[in-house]
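Source file data_18.cif; content: mmCIF, C-alpha atoms and all ligand atoms.
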```
data_target
loop_
_atom_site.label_atom_id
_atom_site.label_comp_id
_atom_site.auth_asym_id
_atom_site.auth_seq_id
_atom_site.Cartn_x
_atom_site.Cartn_y
_atom_site.Cartn_z
CA MET G 1 -45.52 -75.32 -37.42
CA SER G 2 -46.29 -75.47 -33.71
CA VAL G 3 -49.55 -76.89 -32.42
CA LEU G 4 -52.13 -75.50 -30.02
CA ARG G 5 -54.33 -78.21 -28.59
CA MET G 6 -57.75 -77.53 -27.10
CA PRO G 7 -60.91 -79.50 -26.34
CA ARG G 8 -63.83 -79.19 -28.76
CA ALA G 9 -65.92 -77.52 -26.02
CA VAL G 10 -63.40 -74.69 -25.56
CA TYR G 11 -62.97 -74.20 -29.31
CA ASP G 12 -66.74 -73.98 -29.78
CA ALA G 13 -67.17 -71.70 -26.75
CA LEU G 14 -64.75 -69.03 -27.94
CA ARG G 15 -66.36 -69.05 -31.39
CA VAL G 16 -69.84 -68.73 -29.88
CA HIS G 17 -68.54 -65.86 -27.73
CA GLY G 18 -67.64 -63.98 -30.92
CA GLU G 19 -71.11 -64.57 -32.34
CA GLU G 20 -72.74 -63.31 -29.13
CA THR G 21 -70.83 -60.02 -29.07
CA TYR G 22 -71.13 -59.39 -32.84
CA PRO G 23 -70.81 -56.74 -34.27
CA HIS G 24 -68.40 -55.99 -31.44
CA GLU G 25 -65.24 -57.90 -30.67
CA CYS G 26 -65.17 -60.45 -27.89
CA CYS G 27 -62.06 -61.29 -25.93
CA GLY G 28 -60.88 -63.70 -23.30
CA ALA G 29 -57.98 -65.72 -21.98
CA LEU G 30 -56.98 -69.31 -22.63
CA LEU G 31 -55.91 -71.32 -19.60
CA GLY G 32 -53.82 -74.41 -19.99
CA GLU G 33 -50.61 -76.23 -19.33
CA PRO G 34 -47.32 -76.25 -21.17
CA THR G 35 -46.31 -79.57 -22.74
CA ALA G 36 -43.30 -80.62 -24.79
CA GLN G 37 -45.51 -80.16 -27.87
CA GLY G 38 -46.68 -76.69 -26.88
CA TRP G 39 -49.66 -75.38 -24.97
CA ARG G 40 -52.60 -77.58 -24.23
CA VAL G 41 -55.62 -75.43 -23.40
CA ALA G 42 -57.95 -76.76 -20.71
CA THR G 43 -60.45 -73.95 -20.44
CA ALA G 44 -61.21 -70.41 -21.57
CA ALA G 45 -62.12 -67.39 -19.45
CA ARG G 46 -64.36 -64.75 -20.96
CA ALA G 47 -63.42 -61.14 -20.40
CA GLY G 48 -65.35 -57.96 -20.90
CA ASN G 49 -64.08 -55.82 -23.74
CA THR G 50 -63.04 -52.57 -22.05
CA ARG G 51 -62.46 -50.73 -25.31
CA THR G 52 -65.47 -48.47 -25.66
CA ASP G 53 -63.90 -46.11 -28.17
CA SER G 54 -63.78 -48.66 -30.95
CA ALA G 55 -65.16 -51.97 -29.69
CA HIS G 56 -65.62 -53.36 -33.18
CA ASN G 57 -61.93 -53.49 -34.03
CA ARG G 58 -60.09 -53.20 -30.73
CA TYR G 59 -59.99 -55.34 -27.67
CA GLN G 60 -58.44 -55.10 -24.29
CA ILE G 61 -58.71 -57.03 -21.06
CA ALA G 62 -58.73 -54.80 -17.98
CA PRO G 63 -55.65 -55.38 -15.80
CA VAL G 64 -57.80 -56.06 -12.74
CA GLU G 65 -59.73 -58.68 -14.69
CA LEU G 66 -56.50 -60.26 -15.90
CA VAL G 67 -55.27 -60.55 -12.33
CA LYS G 68 -58.51 -62.33 -11.41
CA ILE G 69 -58.19 -64.69 -14.38
CA GLU G 70 -54.57 -65.47 -13.48
CA ARG G 71 -55.52 -66.22 -9.88
CA GLU G 72 -58.31 -68.52 -11.02
CA ALA G 73 -55.90 -70.27 -13.41
CA ARG G 74 -53.39 -70.91 -10.62
CA ARG G 75 -56.17 -72.26 -8.39
CA GLN G 76 -56.85 -74.87 -11.08
CA GLY G 77 -53.16 -75.61 -11.54
CA LEU G 78 -53.18 -73.89 -14.92
CA GLU G 79 -51.37 -70.99 -16.54
CA ILE G 80 -52.36 -68.35 -19.04
CA ALA G 81 -51.67 -70.05 -22.37
CA GLY G 82 -52.86 -67.17 -24.47
CA PHE G 83 -55.73 -64.96 -25.46
CA TYR G 84 -58.53 -64.96 -27.98
CA HIS G 85 -60.62 -62.30 -29.67
CA SER G 86 -62.91 -61.96 -32.64
CA HIS G 87 -62.74 -59.99 -35.87
CA PRO G 88 -66.27 -59.00 -36.88
CA ASP G 89 -66.44 -59.08 -40.69
CA HIS G 90 -62.65 -59.17 -40.99
CA PRO G 91 -60.29 -62.06 -41.75
CA ALA G 92 -58.82 -64.07 -38.88
CA LEU G 93 -55.40 -62.48 -39.31
CA TRP G 94 -53.59 -60.33 -36.78
CA SER G 95 -53.63 -56.57 -37.21
CA ALA G 96 -50.89 -54.05 -36.51
CA THR G 97 -52.73 -53.14 -33.31
CA ASP G 98 -52.96 -56.80 -32.28
CA PHE G 99 -49.22 -57.12 -32.72
CA ALA G 100 -48.39 -53.88 -30.92
CA GLU G 101 -50.54 -54.88 -27.94
CA ALA G 102 -49.28 -58.47 -27.71
CA HIS G 103 -46.69 -58.81 -24.96
CA TRP G 104 -47.02 -62.36 -23.69
CA LEU G 105 -44.02 -64.02 -25.34
CA GLY G 106 -44.54 -67.74 -25.80
CA CYS G 107 -48.31 -67.41 -25.56
CA CYS G 108 -50.94 -68.08 -28.22
CA TYR G 109 -53.21 -65.49 -29.80
CA VAL G 110 -56.36 -66.97 -31.26
CA ILE G 111 -58.48 -64.93 -33.67
CA THR G 112 -61.91 -65.87 -34.99
CA GLU G 113 -63.48 -64.20 -37.98
CA VAL G 114 -67.19 -63.60 -37.41
CA ALA G 115 -68.85 -63.04 -40.78
CA GLN G 116 -72.40 -61.64 -40.73
CA GLY G 117 -72.75 -62.88 -37.15
CA LYS G 118 -71.51 -66.41 -37.85
CA ALA G 119 -68.13 -67.68 -36.65
CA ALA G 120 -65.97 -68.44 -39.68
CA VAL G 121 -62.22 -69.12 -39.78
CA THR G 122 -60.33 -69.47 -36.49
CA ASN G 123 -56.54 -69.10 -36.51
CA SER G 124 -53.88 -69.16 -33.84
CA PHE G 125 -50.57 -67.29 -33.77
CA LEU G 126 -47.73 -68.00 -31.38
CA LEU G 127 -45.98 -64.88 -30.11
CA ALA G 128 -42.41 -66.06 -30.64
CA GLY G 129 -39.17 -64.34 -29.78
CA ALA G 130 -37.11 -63.82 -26.65
CA THR G 131 -37.68 -60.09 -26.18
CA GLU G 132 -40.25 -57.42 -27.01
CA GLU G 133 -37.83 -56.14 -29.67
CA ASP G 134 -37.67 -59.35 -31.69
CA LYS G 135 -41.16 -60.65 -31.02
CA ARG G 136 -43.11 -62.03 -33.97
CA PHE G 137 -46.34 -63.88 -34.67
CA GLU G 138 -45.95 -67.38 -36.07
CA PRO G 139 -49.03 -69.16 -37.45
CA GLN G 140 -49.77 -72.41 -35.67
CA THR G 141 -52.08 -75.36 -36.10
CA ILE G 142 -55.09 -75.61 -33.83
CA GLN G 143 -55.65 -79.24 -32.94
CA VAL G 144 -59.19 -79.64 -31.66
CA GLU G 145 -59.56 -82.62 -29.36
CA GLU G 146 -62.92 -84.34 -29.62
CA ALA G 147 -64.52 -85.25 -26.30
CA ARG G 148 -64.18 -88.99 -26.88
CA THR G 149 -60.42 -88.91 -27.20
CA GLU G 150 -59.82 -86.09 -24.75
CA SER G 151 -57.24 -86.98 -22.15
CA ARG G 152 -54.71 -85.16 -20.09
CA PRO G 153 -51.11 -85.70 -21.17
CA ALA G 154 -49.13 -87.98 -18.90
ZN ZN G 201 -57.56 -58.24 -33.72
#
```
Could you rewrite the structure in this file as C-alpha cells?
Ligand SMILES: [Zn+2]
Amino acid sequence: MSVLRMPRAVYDALRVHGEETYPHECCGALLGEPTAQGWRVATAARAGNTRTDSAHNRYQIAPVELVKIEREARRQGLEIAGFYHSHPDHPALWSATDFAEAHWLGCCYVITEVAQGKAAVTNSFLLAGATEEDKRFEPQTIQVEEARTESRPA
C-alpha cells in the first residue's frame, strides 16, 4: 500500500474543516512535493464548496479557485498533491460521484467522515492508472508526522 505523509497540523486542520462546515461537505486541496515514497503534503488550502444544489453530499472546487491554489502552490515550490473533502454522517469511502469527478491521476483523495459533527475516520485513496479509462482508487496509508519529528526529506 502506498503512503501519504502529512504533518499533524495539516491532518488536524482538514478534519476541523469538516467539522466547521457540518452538515455540509468541506473541500480543499493538498499541496506538497513528490518523493520516491509518494506525496509528502506540506500544507492544505481550503476551498469554498461551489455545489449549492446538494452541498451535503457533493463537492466541487471552482476552476478559478483551483487556478489560484495552483499558483500559490508554485510560489511555495509545491505542487497539488491531491484533494480532501468530508462525508457528513457517511463512511470515509469514495462514492461513485467522487470517482467520476476525480481526474488528477497520481494524486491523493482524502475523505473524512464527520459523524454528528465530529471528525471520525479519515482515509486516503490514490487515483492510480495511466489514463482516464483505466483510472482506479487505491487505498493508501496516511502517515501523520508529529511536529517533533517533522523534517523535510533530503
Ligand atoms: Zn465524497
Cut-off 6 Å around (-61.7, -81.9, -25.0) with only C-alpha atoms: residues as number ranges by chain: G: 7-8, 145-147, 150
Output as JSON lines one row per residue of chain G within 10 Å of ligand ZN 201 (chain G): the closest atom pair and its distance in Å to one decimal place, counting all atoms listed in the file, sorted by chain and residue number ascending.
```
{"residue": "G:Glu25", "atom": "CA", "partner": "G:ZN201", "partner_atom": "ZN", "distance": 8.3}
{"residue": "G:Cys26", "atom": "CA", "partner": "G:ZN201", "partner_atom": "ZN", "distance": 9.8}
{"residue": "G:Cys27", "atom": "CA", "partner": "G:ZN201", "partner_atom": "ZN", "distance": 9.5}
{"residue": "G:His56", "atom": "CA", "partner": "G:ZN201", "partner_atom": "ZN", "distance": 9.4}
{"residue": "G:Asn57", "atom": "CA", "partner": "G:ZN201", "partner_atom": "ZN", "distance": 6.5}
{"residue": "G:Arg58", "atom": "CA", "partner": "G:ZN201", "partner_atom": "ZN", "distance": 6.4}
{"residue": "G:Tyr59", "atom": "CA", "partner": "G:ZN201", "partner_atom": "ZN", "distance": 7.1}
{"residue": "G:Gln60", "atom": "CA", "partner": "G:ZN201", "partner_atom": "ZN", "distance": 10.0}
{"residue": "G:Tyr84", "atom": "CA", "partner": "G:ZN201", "partner_atom": "ZN", "distance": 8.9}
{"residue": "G:His85", "atom": "CA", "partner": "G:ZN201", "partner_atom": "ZN", "distance": 6.5}
{"residue": "G:Ser86", "atom": "CA", "partner": "G:ZN201", "partner_atom": "ZN", "distance": 6.6}
{"residue": "G:His87", "atom": "CA", "partner": "G:ZN201", "partner_atom": "ZN", "distance": 5.9}
{"residue": "G:Pro88", "atom": "CA", "partner": "G:ZN201", "partner_atom": "ZN", "distance": 9.3}
{"residue": "G:His90", "atom": "CA", "partner": "G:ZN201", "partner_atom": "ZN", "distance": 8.9}
{"residue": "G:Pro91", "atom": "CA", "partner": "G:ZN201", "partner_atom": "ZN", "distance": 9.3}
{"residue": "G:Ala92", "atom": "CA", "partner": "G:ZN201", "partner_atom": "ZN", "distance": 7.9}
{"residue": "G:Leu93", "atom": "CA", "partner": "G:ZN201", "partner_atom": "ZN", "distance": 7.3}
{"residue": "G:Trp94", "atom": "CA", "partner": "G:ZN201", "partner_atom": "ZN", "distance": 5.4}
{"residue": "G:Ser95", "atom": "CA", "partner": "G:ZN201", "partner_atom": "ZN", "distance": 5.5}
{"residue": "G:Ala96", "atom": "CA", "partner": "G:ZN201", "partner_atom": "ZN", "distance": 8.4}
{"residue": "G:Thr97", "atom": "CA", "partner": "G:ZN201", "partner_atom": "ZN", "distance": 7.0}
{"residue": "G:Asp98", "atom": "CA", "partner": "G:ZN201", "partner_atom": "ZN", "distance": 5.0}
{"residue": "G:Phe99", "atom": "CA", "partner": "G:ZN201", "partner_atom": "ZN", "distance": 8.5}
{"residue": "G:Glu101", "atom": "CA", "partner": "G:ZN201", "partner_atom": "ZN", "distance": 9.7}
{"residue": "G:Tyr109", "atom": "CA", "partner": "G:ZN201", "partner_atom": "ZN", "distance": 9.3}
{"residue": "G:Val110", "atom": "CA", "partner": "G:ZN201", "partner_atom": "ZN", "distance": 9.1}
{"residue": "G:Ile111", "atom": "CA", "partner": "G:ZN201", "partner_atom": "ZN", "distance": 6.8}
{"residue": "G:Thr112", "atom": "CA", "partner": "G:ZN201", "partner_atom": "ZN", "distance": 8.9}
{"residue": "G:Glu113", "atom": "CA", "partner": "G:ZN201", "partner_atom": "ZN", "distance": 9.4}
```
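Among the candidates G:Lys68, G:Val114, G:Leu4, G:Ala100, the residue lying nearest to His17 (chain G) is G:Val114 (atoms considered: all atoms listed in the file).
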Top pick for closest residue to Val67 (chain G), considering G:Ala130, G:Ile142, G:Ala47, G:Met6 and counting all atoms listed in the file: G:Ala47
As JSON, what would the box around region 91-96 of chain G look like: edges along x, y and z, 3 Å added on every side, centre and edge lengths in Å to one decimal?
```
{"center_x": -55.6, "center_y": -59.1, "center_z": -39.1, "size_x": 15.4, "size_y": 16.0, "size_z": 11.2}
```
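Among the candidates G:Val144, G:Ala73, G:Cys107, G:Ala102, the residue lying nearest to Tyr11 (chain G) is G:Val144 (atoms considered: all atoms listed in the file).
Considering the residues G:Gly48, G:Gly117, G:Gly106, G:Gly129 and counting only C-alpha atoms, Pro23 (chain G) has its shortest atom-to-atom contact with G:Gly117.
Picture a line from CA of Lys118 (chain G) to CA of Glu19 (chain G); it runs 5.8 Å.
The space separating CA of Leu14 (chain G) from CA of Arg46 (chain G) comes to 8.2 Å.
One finds CA of Asp134 (chain G) at 18.5 Å from CA of Gly82 (chain G).
Considering all atoms listed in the file, the residue among G:Arg15, G:Leu78, G:Thr35, G:Val41 positioned nearest to Ala115 (chain G) is G:Arg15.
Here the question is which of G:Ala29, G:Ile61, G:Ala42, G:Leu127 gets nearest to Gly77 (chain G) using only C-alpha atoms, and that residue is G:Ala42.
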